[in-house]
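**Student:** Supplied structure: work.txt, compact mmCIF, C-alpha atoms.
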# COMPACT_ATOMS: atom_id res chain seq x y z
CA MET X 1 16.39 32.39 -46.03
CA ALA X 2 17.46 28.80 -46.46
CA GLY X 3 19.39 29.04 -43.19
CA GLN X 4 16.24 30.07 -41.33
CA MET X 5 14.32 27.19 -42.85
CA GLN X 6 17.00 24.74 -41.82
CA ALA X 7 16.96 26.08 -38.24
CA ILE X 8 13.19 25.63 -38.02
CA LYS X 9 13.47 22.14 -39.46
CA ARG X 10 16.10 21.22 -36.88
CA ARG X 11 13.94 22.46 -34.01
CA MET X 12 10.94 20.56 -35.29
CA LYS X 13 12.99 17.40 -35.39
CA SER X 14 14.22 17.77 -31.83
CA ILE X 15 10.71 18.56 -30.53
CA ASP X 16 9.39 15.55 -32.38
CA SER X 17 11.84 13.21 -30.70
CA THR X 18 11.07 14.72 -27.28
CA MET X 19 7.39 14.21 -27.98
CA LYS X 20 8.02 10.55 -28.74
CA ILE X 21 9.64 10.14 -25.34
CA THR X 22 6.90 11.94 -23.40
CA LYS X 23 4.24 10.03 -25.30
CA ALA X 24 5.89 6.71 -24.43
CA MET X 25 6.21 7.70 -20.78
CA GLN X 26 2.58 8.72 -20.72
CA LEU X 27 1.55 5.29 -21.98
CA VAL X 28 3.77 3.49 -19.49
CA ALA X 29 2.43 5.62 -16.63
CA SER X 30 -1.18 4.95 -17.66
CA SER X 31 -0.70 1.22 -17.66
CA LYS X 32 1.11 1.36 -14.32
CA LEU X 33 -1.64 3.57 -12.95
CA MET X 34 -4.26 1.02 -13.93
CA LYS X 35 -2.33 -1.72 -12.17
CA THR X 36 -1.80 0.18 -8.93
CA ARG X 37 -5.37 1.47 -8.91
CA LYS X 38 -6.64 -2.06 -9.13
CA ARG X 39 -4.40 -2.99 -6.25
CA LEU X 40 -5.67 -0.04 -4.24
CA ASP X 41 -9.28 -1.06 -4.84
CA GLU X 42 -8.53 -4.61 -3.74
CA MET X 43 -6.73 -3.35 -0.68
CA LYS X 44 -9.43 -0.96 0.47
CA PRO X 45 -11.89 -3.42 2.06
CA TYR X 46 -9.04 -4.99 4.03
CA TYR X 47 -7.68 -1.88 5.58
CA THR X 48 -11.01 -0.25 6.30
CA GLN X 49 -12.10 -3.51 7.96
CA VAL X 50 -8.96 -3.71 10.08
CA LYS X 51 -9.36 -0.06 11.04
CA ASP X 52 -13.05 -0.44 11.95
CA THR X 53 -12.42 -3.58 13.97
CA CYS X 54 -9.55 -1.91 15.76
CA ALA X 55 -11.78 1.08 16.54
CA GLU X 56 -14.56 -1.10 17.94
CA ILE X 57 -12.25 -3.15 20.07
CA LEU X 58 -10.50 -0.11 21.48
CA GLU X 59 -13.85 1.34 22.36
CA TYR X 60 -15.30 -1.73 24.03
CA SER X 61 -12.13 -2.70 25.80
CA GLY X 62 -12.30 0.60 27.65
CA LYS X 63 -9.51 2.69 28.99
CA SER X 64 -8.35 0.09 31.47
CA VAL X 65 -6.49 -2.03 28.96
CA TYR X 66 -2.75 -1.82 29.14
CA SER X 67 -0.81 -2.03 25.93
CA PRO X 68 2.67 -0.67 25.29
CA TYR X 69 1.39 0.66 21.96
CA LEU X 70 -1.25 2.83 23.61
CA LYS X 71 1.11 4.31 26.16
CA VAL X 72 2.63 7.69 25.36
CA ASN X 73 6.43 7.70 25.47
CA GLU X 74 7.96 10.76 27.10
CA GLU X 75 11.44 10.29 25.70
CA GLY X 76 12.81 9.36 22.31
CA LYS X 77 12.66 10.81 18.85
CA ASP X 78 9.78 11.55 16.53
CA ALA X 79 9.86 9.15 13.60
CA TYR X 80 8.43 9.89 10.19
CA ILE X 81 7.84 7.54 7.29
CA VAL X 82 8.04 9.65 4.13
CA ILE X 83 6.91 8.30 0.78
CA THR X 84 8.37 9.91 -2.35
CA SER X 85 9.16 8.65 -5.84
CA SER X 86 12.35 7.14 -7.20
CA LEU X 87 11.91 8.52 -10.70
CA GLY X 88 11.46 12.11 -11.80
CA LEU X 89 9.12 13.69 -14.34
CA CYS X 90 6.02 13.31 -12.23
CA GLY X 91 4.93 16.92 -11.91
CA GLY X 92 4.57 18.40 -8.45
CA TYR X 93 4.29 15.03 -6.70
CA ASN X 94 7.62 15.20 -4.85
CA ALA X 95 7.60 18.97 -4.36
CA ASN X 96 4.29 18.73 -2.52
CA VAL X 97 5.67 16.04 -0.23
CA TYR X 98 8.75 18.20 0.51
CA LYS X 99 6.51 21.11 1.43
CA MET X 100 4.66 18.92 3.92
CA LEU X 101 7.95 17.54 5.18
CA ASN X 102 9.35 21.01 5.81
CA GLU X 103 6.26 21.99 7.74
CA GLU X 104 6.16 18.91 9.95
CA VAL X 105 9.63 17.45 10.38
CA LYS X 106 12.04 19.18 12.73
CA ASP X 107 15.83 18.95 12.60
CA GLY X 108 17.13 15.81 14.26
CA ASP X 109 13.96 13.77 13.72
CA LEU X 110 14.22 10.25 12.44
CA VAL X 111 13.06 9.83 8.85
CA TYR X 112 12.36 6.46 7.25
CA MET X 113 12.65 7.39 3.61
CA ILE X 114 10.94 5.55 0.80
CA GLY X 115 12.01 6.74 -2.66
CA ASN X 116 15.39 8.02 -3.91
CA LYS X 117 14.15 11.53 -4.65
CA GLY X 118 13.25 12.22 -1.05
CA TYR X 119 16.58 10.79 0.09
CA ALA X 120 18.54 13.14 -2.17
CA TYR X 121 16.43 16.09 -1.03
CA CYS X 122 16.84 15.42 2.69
CA LYS X 123 20.55 14.76 2.37
CA ASN X 124 21.11 18.12 0.67
CA HIS X 125 18.57 20.35 2.35
CA ARG X 126 17.66 18.97 5.76
CA ASN X 127 19.50 18.00 8.88
CA VAL X 128 17.57 14.85 9.79
CA GLU X 129 18.55 11.31 10.64
CA LEU X 130 17.86 9.22 7.54
CA ASN X 131 17.10 5.53 7.48
CA THR X 132 17.15 4.06 3.99
CA GLN X 133 16.61 0.40 4.77
CA TRP X 134 13.28 0.39 2.95
CA ILE X 135 14.04 2.93 0.23
CA ASP X 136 12.90 0.58 -2.56
CA LEU X 137 9.46 -0.18 -1.15
CA ASN X 138 7.73 2.13 -3.64
CA SER X 139 8.78 -0.07 -6.55
CA THR X 140 8.65 -3.52 -4.93
CA LEU X 141 5.42 -3.04 -2.92
CA GLU X 142 6.33 -6.14 -0.89
CA PHE X 143 3.95 -6.84 1.97
CA LYS X 144 6.69 -8.91 3.62
CA ASP X 145 8.93 -5.86 3.86
CA ILE X 146 6.09 -3.84 5.34
CA VAL X 147 5.76 -6.49 8.04
CA ARG X 148 9.50 -6.24 8.75
CA MET X 149 9.38 -2.47 8.83
CA THR X 150 6.39 -2.44 11.17
CA ASN X 151 8.06 -4.91 13.52
CA HIS X 152 11.19 -2.78 13.57
CA LEU X 153 9.20 0.38 14.32
CA LEU X 154 7.18 -1.29 17.08
CA ASP X 155 10.34 -2.68 18.69
CA GLU X 156 11.88 0.79 18.65
CA TYR X 157 8.70 2.23 20.11
CA VAL X 158 8.51 -0.28 22.95
CA ALA X 159 12.22 0.24 23.64
CA LYS X 160 11.39 3.97 23.97
CA ASN X 161 13.85 4.99 21.25
CA ILE X 162 11.05 6.77 19.46
CA LYS X 163 8.07 8.54 20.99
CA SER X 164 5.79 8.82 17.99
CA ILE X 165 5.43 7.46 14.47
CA HIS X 166 3.99 9.54 11.67
CA ILE X 167 3.58 8.87 7.99
CA ILE X 168 3.67 11.49 5.22
CA TYR X 169 2.01 10.16 2.09
CA THR X 170 0.03 11.45 -0.89
CA GLU X 171 -3.69 10.89 -0.84
CA PHE X 172 -5.23 9.86 -4.14
CA VAL X 173 -8.43 11.87 -4.55
CA ASN X 174 -8.95 11.33 -8.27
CA ASN X 175 -6.90 11.11 -11.45
CA ILE X 176 -5.85 14.75 -11.31
CA THR X 177 -6.05 15.67 -7.61
CA PHE X 178 -3.55 14.50 -5.00
CA THR X 179 -3.00 15.95 -1.56
CA PRO X 180 -0.06 15.22 0.72
CA ARG X 181 -1.11 14.22 4.23
CA ASN X 182 0.57 13.65 7.56
CA VAL X 183 -1.00 10.96 9.75
CA LYS X 184 0.00 9.92 13.25
CA LEU X 185 0.23 6.14 13.62
CA LEU X 186 1.57 5.68 17.15
CA PRO X 187 0.67 6.19 19.96
CA VAL X 188 -2.73 5.09 18.70
CA ASP X 189 -5.02 8.06 19.01
CA GLN X 190 -8.20 6.59 20.43
CA SER X 191 -10.35 9.61 19.67
CA ASP X 192 -9.26 9.34 16.05
CA LEU X 193 -10.73 5.87 15.74
CA ARG X 194 -13.96 6.45 17.63
CA ASN X 195 -17.29 5.48 16.12
CA GLU X 196 -20.66 6.26 17.61
CA LYS X 197 -22.78 3.14 17.27
CA SER X 198 -21.87 1.64 20.63
CA THR X 199 -24.44 -0.57 22.32
CA GLU X 200 -24.79 -2.11 25.74
CA LEU X 201 -24.29 -5.65 24.45
CA ARG X 202 -21.05 -4.92 22.70
CA LYS X 203 -19.57 -3.55 25.86
CA GLN X 204 -19.47 -7.15 27.10
CA THR X 205 -17.20 -8.24 24.28
CA LEU X 206 -15.21 -11.33 25.13
CA PHE X 207 -11.49 -11.19 24.55
CA GLU X 208 -9.57 -14.39 24.13
CA PRO X 209 -7.18 -14.92 25.79
CA SER X 210 -7.13 -11.34 27.16
CA PRO X 211 -7.76 -7.80 25.89
CA GLU X 212 -4.05 -7.06 26.24
CA GLU X 213 -3.03 -9.94 24.01
CA VAL X 214 -5.75 -9.29 21.48
CA LEU X 215 -4.66 -5.67 21.16
CA GLY X 216 -1.03 -6.74 21.13
CA SER X 217 -1.62 -8.73 17.96
CA LEU X 218 -4.23 -6.44 16.43
CA ILE X 219 -2.28 -3.19 16.59
CA PRO X 220 0.72 -4.48 14.56
CA MET X 221 -1.76 -5.83 12.02
CA TYR X 222 -3.51 -2.48 11.95
CA LEU X 223 -0.24 -0.65 11.35
CA GLN X 224 0.82 -3.03 8.59
CA ALA X 225 -2.50 -2.63 6.86
CA VAL X 226 -2.49 1.15 7.16
CA ILE X 227 1.12 1.63 6.07
CA TYR X 228 0.64 -0.71 3.13
CA GLY X 229 -2.57 1.05 2.16
CA TYR X 230 -0.91 4.47 2.27
CA LEU X 231 2.05 3.19 0.27
CA VAL X 232 -0.12 1.81 -2.51
CA GLU X 233 -2.12 5.03 -2.48
CA SER X 234 1.03 7.16 -2.83
CA VAL X 235 2.34 5.07 -5.71
CA THR X 236 -1.04 5.42 -7.40
CA SER X 237 -0.80 9.19 -6.98
CA GLU X 238 2.73 9.15 -8.38
CA ASN X 239 1.68 7.32 -11.52
CA ALA X 240 -1.39 9.49 -11.98
CA SER X 241 0.73 12.60 -11.54
CA ARG X 242 3.30 11.37 -14.04
CA ARG X 243 0.61 10.48 -16.54
CA ALA X 244 -0.97 13.94 -16.22
CA SER X 245 2.29 15.84 -16.57
CA MET X 246 3.42 13.71 -19.51
CA GLU X 247 0.08 14.28 -21.18
CA ASN X 248 0.59 18.02 -20.80
CA ALA X 249 4.11 17.78 -22.17
CA THR X 250 2.93 15.84 -25.21
CA ASP X 251 0.15 18.35 -25.83
CA ASN X 252 2.58 21.26 -25.57
CA ALA X 253 5.03 19.60 -27.92
CA GLN X 254 2.24 19.03 -30.42
CA GLU X 255 1.24 22.68 -30.21
CA LEU X 256 4.83 23.76 -30.70
CA THR X 257 5.35 21.59 -33.79
CA ASP X 258 2.11 22.90 -35.29
CA GLU X 259 3.32 26.46 -34.80
CA LEU X 260 6.74 25.68 -36.23
CA ARG X 261 5.27 23.89 -39.24
CA LEU X 262 3.29 27.03 -40.05
CA LYS X 263 6.43 29.15 -39.74
CA TYR X 264 8.37 26.72 -41.87
CA ASN X 265 5.77 26.75 -44.63
CA GLN X 266 5.67 30.53 -44.53
CA ALA X 267 9.45 30.72 -44.86
CA ARG X 268 9.38 28.21 -47.72
CA GLN X 269 6.68 30.19 -49.51
CA THR X 270 8.63 33.41 -49.06
CA ALA X 271 11.71 31.76 -50.53
CA ILE X 272 9.76 30.54 -53.59
CA THR X 273 8.15 33.93 -54.15
CA ASN X 274 11.54 35.57 -53.95
CA GLU X 275 13.03 33.18 -56.45
CA VAL X 276 10.13 33.63 -58.88
CA SER X 277 10.34 37.42 -58.73
CA GLU X 278 14.11 37.22 -59.27
CA ILE X 279 13.63 35.07 -62.37
CA VAL X 280 10.90 37.38 -63.70
CA ALA X 281 13.10 40.41 -63.05
CA GLY X 282 15.97 38.68 -64.86
CA ALA X 283 13.76 37.82 -67.87
CA ASN X 284 12.50 41.40 -68.09
CA VAL X 285 16.04 42.72 -68.39
CA GLU X 286 16.58 40.77 -71.60
CA MET P 1 -30.66 -23.53 11.88
CA SER P 2 -30.37 -19.80 11.84
CA LYS P 3 -27.58 -18.38 9.75
CA PHE P 4 -25.23 -15.49 10.32
CA HIS P 5 -23.27 -13.26 7.99
CA LEU P 6 -19.60 -14.13 7.54
CA LYS P 7 -17.08 -11.84 5.92
CA ILE P 8 -13.52 -12.93 5.16
CA VAL P 9 -11.09 -10.22 4.11
CA THR P 10 -7.42 -10.51 3.12
CA PRO P 11 -4.89 -7.95 1.86
CA LYS P 12 -6.00 -8.97 -1.64
CA GLY P 13 -9.57 -7.83 -1.05
CA THR P 14 -12.81 -9.30 0.25
CA TYR P 15 -12.35 -13.04 -0.12
CA ARG P 16 -15.79 -14.39 0.81
CA GLU P 17 -19.04 -12.82 1.95
CA VAL P 18 -21.66 -15.48 2.72
CA ASP P 19 -24.39 -16.50 5.16
CA VAL P 20 -23.27 -19.60 7.03
CA ASP P 21 -24.59 -22.00 9.70
CA ILE P 22 -21.37 -22.55 11.59
CA LEU P 23 -17.78 -21.36 11.45
CA ASN P 24 -15.03 -23.57 12.88
CA ILE P 25 -11.79 -21.74 13.43
CA LYS P 26 -8.66 -22.07 15.55
CA THR P 27 -8.03 -19.06 17.75
CA THR P 28 -4.81 -18.57 19.67
CA ASP P 29 -6.62 -20.38 22.53
CA GLY P 30 -7.73 -23.39 20.49
CA TYR P 31 -10.54 -24.47 18.20
CA ILE P 32 -13.94 -22.83 18.57
CA GLY P 33 -17.22 -23.12 16.70
CA VAL P 34 -19.15 -19.93 16.12
CA LEU P 35 -22.93 -20.14 15.72
CA ALA P 36 -25.46 -17.38 15.16
CA HIS P 37 -26.12 -15.04 18.10
CA HIS P 38 -22.69 -15.63 19.54
CA ILE P 39 -21.59 -13.19 22.23
CA PRO P 40 -19.26 -10.48 20.83
CA LEU P 41 -15.76 -11.89 20.72
CA ALA P 42 -12.35 -10.75 19.59
CA SER P 43 -9.38 -13.05 19.22
CA GLY P 44 -6.28 -13.80 17.19
CA VAL P 45 -6.39 -16.65 14.68
CA ASP P 46 -3.66 -19.28 14.48
CA ILE P 47 -2.12 -20.63 11.27
CA SER P 48 -4.59 -23.47 10.82
CA GLU P 49 -7.41 -25.11 8.96
CA MET P 50 -10.74 -23.33 8.98
CA ASN P 51 -14.14 -24.33 7.70
CA TYR P 52 -17.74 -23.20 7.52
CA LYS P 53 -20.96 -25.01 6.74
CA ILE P 54 -23.87 -23.91 4.58
CA ASP P 55 -26.88 -26.25 4.53
CA GLY P 56 -24.82 -29.30 5.44
CA GLN P 57 -22.11 -28.58 2.87
CA THR P 58 -18.66 -28.00 4.38
CA TYR P 59 -16.16 -25.58 2.86
CA GLU P 60 -12.53 -25.98 3.90
CA PHE P 61 -9.83 -23.32 3.90
CA ALA P 62 -6.26 -22.80 5.01
CA ILE P 63 -5.66 -19.56 6.91
CA ALA P 64 -2.17 -18.15 7.49
CA GLY P 65 -2.95 -16.38 10.74
CA GLY P 66 -5.13 -13.36 11.26
CA PHE P 67 -7.91 -12.05 13.40
CA LEU P 68 -11.48 -12.96 14.32
CA TYR P 69 -14.14 -10.51 15.38
CA VAL P 70 -17.66 -11.57 16.23
CA GLY P 71 -20.10 -8.68 16.24
CA GLU P 72 -23.88 -8.62 16.41
CA ASN P 73 -24.78 -11.34 13.91
CA GLU P 74 -21.89 -10.44 11.68
CA VAL P 75 -18.59 -12.24 11.90
CA THR P 76 -15.41 -10.88 10.38
CA VAL P 77 -12.28 -12.92 9.72
CA ILE P 78 -9.27 -10.84 8.78
CA GLY P 79 -6.69 -13.22 7.32
CA ASN P 80 -3.12 -12.66 6.21
CA ALA P 81 -3.79 -15.20 3.48
CA VAL P 82 -6.79 -17.49 2.98
CA GLU P 83 -6.93 -20.30 0.40
CA SER P 84 -9.43 -22.96 -0.58
CA PRO P 85 -8.17 -26.46 -1.54
CA GLU P 86 -8.57 -25.56 -5.23
CA GLU P 87 -6.29 -22.57 -4.85
CA ILE P 88 -3.52 -24.34 -2.97
CA ASP P 89 -0.45 -25.19 -4.99
CA LEU P 90 0.51 -28.59 -3.55
CA GLN P 91 3.87 -28.62 -5.28
CA ARG P 92 4.79 -25.26 -3.81
CA ALA P 93 3.60 -26.20 -0.34
CA LYS P 94 5.67 -29.40 -0.41
CA GLU P 95 8.75 -27.49 -1.53
CA ALA P 96 8.19 -24.95 1.24
CA GLU P 97 7.90 -27.79 3.74
CA LYS P 98 11.20 -29.30 2.61
CA ARG P 99 12.94 -25.95 2.68
CA ALA P 100 11.68 -25.14 6.16
CA GLN P 101 12.61 -28.58 7.45
CA SER P 102 16.16 -28.39 6.13
CA ARG P 103 16.51 -24.97 7.69
CA LEU P 104 15.36 -26.32 11.03
CA GLU P 105 17.89 -29.13 10.81
CA HIS P 106 20.74 -26.75 10.09
CA PRO P 107 19.82 -23.61 12.01
CA THR P 108 21.98 -20.53 11.56
CA ASP P 109 20.64 -18.04 14.08
CA ASP P 110 17.76 -17.39 16.43
CA LEU P 111 15.45 -15.47 14.13
CA ASP P 112 15.81 -18.02 11.37
CA ILE P 113 14.34 -20.78 13.50
CA LYS P 114 11.20 -18.83 14.31
CA ARG P 115 10.59 -17.97 10.68
CA ALA P 116 11.27 -21.49 9.51
CA GLU P 117 8.82 -22.84 12.09
CA ILE P 118 6.11 -20.49 10.86
CA ALA P 119 6.84 -21.42 7.24
CA LEU P 120 6.70 -25.12 8.12
CA LYS P 121 3.38 -24.67 9.89
CA LYS P 122 1.90 -22.83 6.92
CA ALA P 123 3.12 -25.52 4.52
CA LEU P 124 1.74 -28.35 6.65
CA VAL P 125 -1.65 -26.67 6.99
CA ARG P 126 -1.83 -26.20 3.23
CA ILE P 127 -0.93 -29.82 2.52
CA ASN P 128 -3.48 -30.94 5.08
CA VAL P 129 -6.28 -28.83 3.65
CA LYS P 130 -5.45 -29.99 0.14
CA GLY P 131 -5.65 -33.57 1.37
CA LEU P 132 -9.06 -33.00 2.95
CA LYS P 133 -10.68 -32.39 -0.37
Could you rewrite the structure in this file as structure tokens?
**Tutor:**
Amino acid sequence: MAGQMQAIKRRMKSIDSTMKITKAMQLVASSKLMKTRKRLDEMKPYYTQVKDTCAEILEYSGKSVYSPYLKVNEEGKDAYIVITSSLGLCGGYNANVYKMLNEEVKDGDLVYMIGNKGYAYCKNHRNVELNTQWIDLNSTLEFKDIVRMTNHLLDEYVAKNIKSIHIIYTEFVNNITFTPRNVKLLPVDQSDLRNEKSTELRKQTLFEPSPEEVLGSLIPMYLQAVIYGYLVESVTSENASRRASMENATDNAQELTDELRLKYNQARQTAITNEVSEIVAGANVE
Amino acid sequence: MSKFHLKIVTPKGTYREVDVDILNIKTTDGYIGVLAHHIPLASGVDISEMNYKIDGQTYEFAIAGGFLYVGENEVTVIGNAVESPEEIDLQRAKEAEKRAQSRLEHPTDDLDIKRAEIALKKALVRINVKGLK
């Protein structure tokens, strides 16, 4: 009897210490989530503005404008930027990205991996060319590095080493819903950016010094803004996912300790009752 | 004087949203002044000083490159970084200037020079704008 009680006690202790850890992680994730969400909200007006402006200019400049970024490359590899996490214990966040990755990325494609988890997965399960130059971006969130990465990608694109650039990221819908998405960044899909409110006047838009040069500087800016926006969004999803799964873990641990406490008390009561009846039986004999 | 709507956005969010009389800004082609009812225009913005006027009052800013788009009575400036004189850290700008200058005097490779030149330009613009106040 006492052995059973001890075993229950030991389990309760271990669950308690696990609960402390999950609780702490939940708190850390919530505070990180608040920070990245704020960043995402600040970021939003910038990247929607850049996107809208880009859309308008592409529309009014017409099809005649030549830009190496609008031209479709026939040769070269498909490049994917994949955003995963570097730390575990964040629920299905990474698994969902892998699912998307397996659907979209073919063997031999070039993958620019952000996050250690995705790197380990691809190295063990997929036969793709991995570039890990920017693997830490999900923790540093440096805009400077995004600029460097974009410049590198654009150079590769113009040099015809890659024929398309995609990004696989996790869209942040709300605190409990995240969906992985695959978006094509280059060649710029003009129909994707279209908006309807075109007027006669705007068709005479002046480009200084020339439409080519304006697009040449706008498109890199557009890519930087979009990649940065998606990165911040993915990190927000990661933190929200971690917070949710840690909350569940803490709740489950609490439930388990409650159950065990009941069992423990029952066992203790049984032991006392036994002892009492033994004493009474002993007294009766005399 | 009729006003137009000016919106300045940076990666840190919407920086200013005001109705102004005139916007003076340096495009990649040189300085221009934008008044209300300007013809639609799209252009890159140089690392430079920028200012707008509201009822005779001038507001100065330093802009670290970006993009200008003039639409129908709404003007959008997309800046990599925009700062008013109050926000500029003079100490930091001066240090950046020194660093860039020493790099230019002892260049190591090709890419370094370009970056140092940009850094120097940004620092000088900031110091200038701070001095204008």
**Student:** Produce a table with one row for each residue of chain X that has an atom at most 6 Å from any atom of chain P, each row naming the nearest atom pair and its distance in Å at one decimal; use all atoms listed in the file; arrange rows by chain and rising residue number; format as a tab-separated table.
**Tutor:**
residue	atom	partner	partner_atom	distance
X:Glu42	CA	P:Gly13	CA	4.3
X:Met43	CA	P:Gly13	CA	5.3
X:Pro45	CA	P:Gly13	CA	5.9
X:Tyr46	CA	P:Pro11	CA	5.5
X:Thr205	CA	P:Pro40	CA	4.6
X:Leu206	CA	P:Leu41	CA	4.5
X:Phe207	CA	P:Ala42	CA	5.1
X:Glu208	CA	P:Ser43	CA	5.1
X:Val214	CA	P:Ser43	CA	5.7
**Student:** Between X:Lys99, X:Val111, X:Arg148, X:Asn239, single out the one closest to P:Arg115, counting all atoms listed in the file.
**Tutor:**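 Smallest separation from P:Arg115 among the options: X:Arg148.
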**Student:** The residues within 10 Å of (-23.4, -19.1, 5.9), using all atoms listed in the file and the coordinates of the file, should be reported as a tab-separated table (two decimals) with C-alpha atoms, in the frame of the given file; which are they?
**Tutor:**
chain	number	residue	atom	x	y	z
P	2	SER	CA	-30.37	-19.80	11.84
P	3	LYS	CA	-27.58	-18.38	9.75
P	4	PHE	CA	-25.23	-15.49	10.32
P	5	HIS	CA	-23.27	-13.26	7.99
P	6	LEU	CA	-19.60	-14.13	7.54
P	7	LYS	CA	-17.08	-11.84	5.92
P	17	GLU	CA	-19.04	-12.82	1.95
P	18	VAL	CA	-21.66	-15.48	2.72
P	19	ASP	CA	-24.39	-16.50	5.16
P	20	VAL	CA	-23.27	-19.60	7.03
P	21	ASP	CA	-24.59	-22.00	9.70
P	22	ILE	CA	-21.37	-22.55	11.59
P	23	LEU	CA	-17.78	-21.36	11.45
P	35	LEU	CA	-22.93	-20.14	15.72
P	36	ALA	CA	-25.46	-17.38	15.16
P	52	TYR	CA	-17.74	-23.20	7.52
P	53	LYS	CA	-20.96	-25.01	6.74
P	54	ILE	CA	-23.87	-23.91	4.58
P	55	ASP	CA	-26.88	-26.25	4.53
**Student:** Grab the atom CA of X:Val128 to atom CA of X:Arg181 distance for me, in Å with one decimal place.
**Tutor:**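 Atom CA of X:Val128 sits 19.5 Å away from atom CA of X:Arg181.
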**Student:** Do you have the atom CA of X:Ala24-atom CA of X:Asp258 distance handy?
**Tutor:** 19.9 Å
**Student:** Which residues, written as a compact mmCIF listing (two decimals) with C-alpha atoms, in the coordinates of the input, have at least one atom at most 10 Å from P:Ile118, with only C-alpha atoms counted and residues fewer than 4 positions away on the same chain left out?
**Tutor:**
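To be explicit, this is the file written out as part_10.txt:
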# COMPACT_ATOMS: atom_id res chain seq x y z
CA ILE P 47 -2.12 -20.63 11.27
CA ALA P 64 -2.17 -18.15 7.49
CA GLY P 65 -2.95 -16.38 10.74
CA ALA P 100 11.68 -25.14 6.16
CA ILE P 113 14.34 -20.78 13.50
CA LYS P 114 11.20 -18.83 14.31
CA LYS P 122 1.90 -22.83 6.92
CA ALA P 123 3.12 -25.52 4.52
CA LEU P 124 1.74 -28.35 6.65
**Student:** List the neighbours of P:Ile127 out to 10 Å using all atoms listed in the file; skip same-chain residues closer than 4 positions along the sequence, and give me the result as a PyMOL selection string.
**Tutor:** chain P and resi 62+85+88-94+97+121-123+131-132
**Student:** What is the atom CA of X:Tyr93 to atom CA of X:Lys38 distance in Å?
**Tutor:** 20.4 Å
**Student:** Would you mind telling me which residue in X:Gly3, X:Asn116, X:Glu213, X:Phe178 lies nearest to X:Ala244 when using all atoms listed in the file?
**Tutor:**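 For X:Ala244, the nearest of the candidates is X:Phe178.
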**Student:** So that I can check the surroundings of X:Tyr222, please list as a tab-separated table (two decimals) with C-alpha atoms, in the frame of the given file every protein, DNA and RNA residue that reaches within 8 Å of it, counting all atoms listed in the file and ignoring chain neighbours fewer than 2 positions away.
**Tutor:**
chain	number	residue	atom	x	y	z
X	47	TYR	CA	-7.68	-1.88	5.58
X	50	VAL	CA	-8.96	-3.71	10.08
X	51	LYS	CA	-9.36	-0.06	11.04
X	54	CYS	CA	-9.55	-1.91	15.76
X	218	LEU	CA	-4.23	-6.44	16.43
X	219	ILE	CA	-2.28	-3.19	16.59
X	220	PRO	CA	0.72	-4.48	14.56
X	224	GLN	CA	0.82	-3.03	8.59
X	225	ALA	CA	-2.50	-2.63	6.86
X	226	VAL	CA	-2.49	1.15	7.16
**Student:** Would you list the contacts of X:Asn174 as a CSV table (one decimal) with C-alpha atoms, keeping the file's coordinate frame, taking every protein, DNA or RNA residue within 12 Å and counting all atoms listed in the file, but skipping same-chain residues closer than 6 positions in sequence?
**Tutor:**
chain,number,residue,atom,x,y,z
X,33,LEU,CA,-1.6,3.6,-13.0
X,37,ARG,CA,-5.4,1.5,-8.9
X,233,GLU,CA,-2.1,5.0,-2.5
X,236,THR,CA,-1.0,5.4,-7.4
X,237,SER,CA,-0.8,9.2,-7.0
X,238,GLU,CA,2.7,9.2,-8.4
X,239,ASN,CA,1.7,7.3,-11.5
X,240,ALA,CA,-1.4,9.5,-12.0
X,241,SER,CA,0.7,12.6,-11.5
X,244,ALA,CA,-1.0,13.9,-16.2
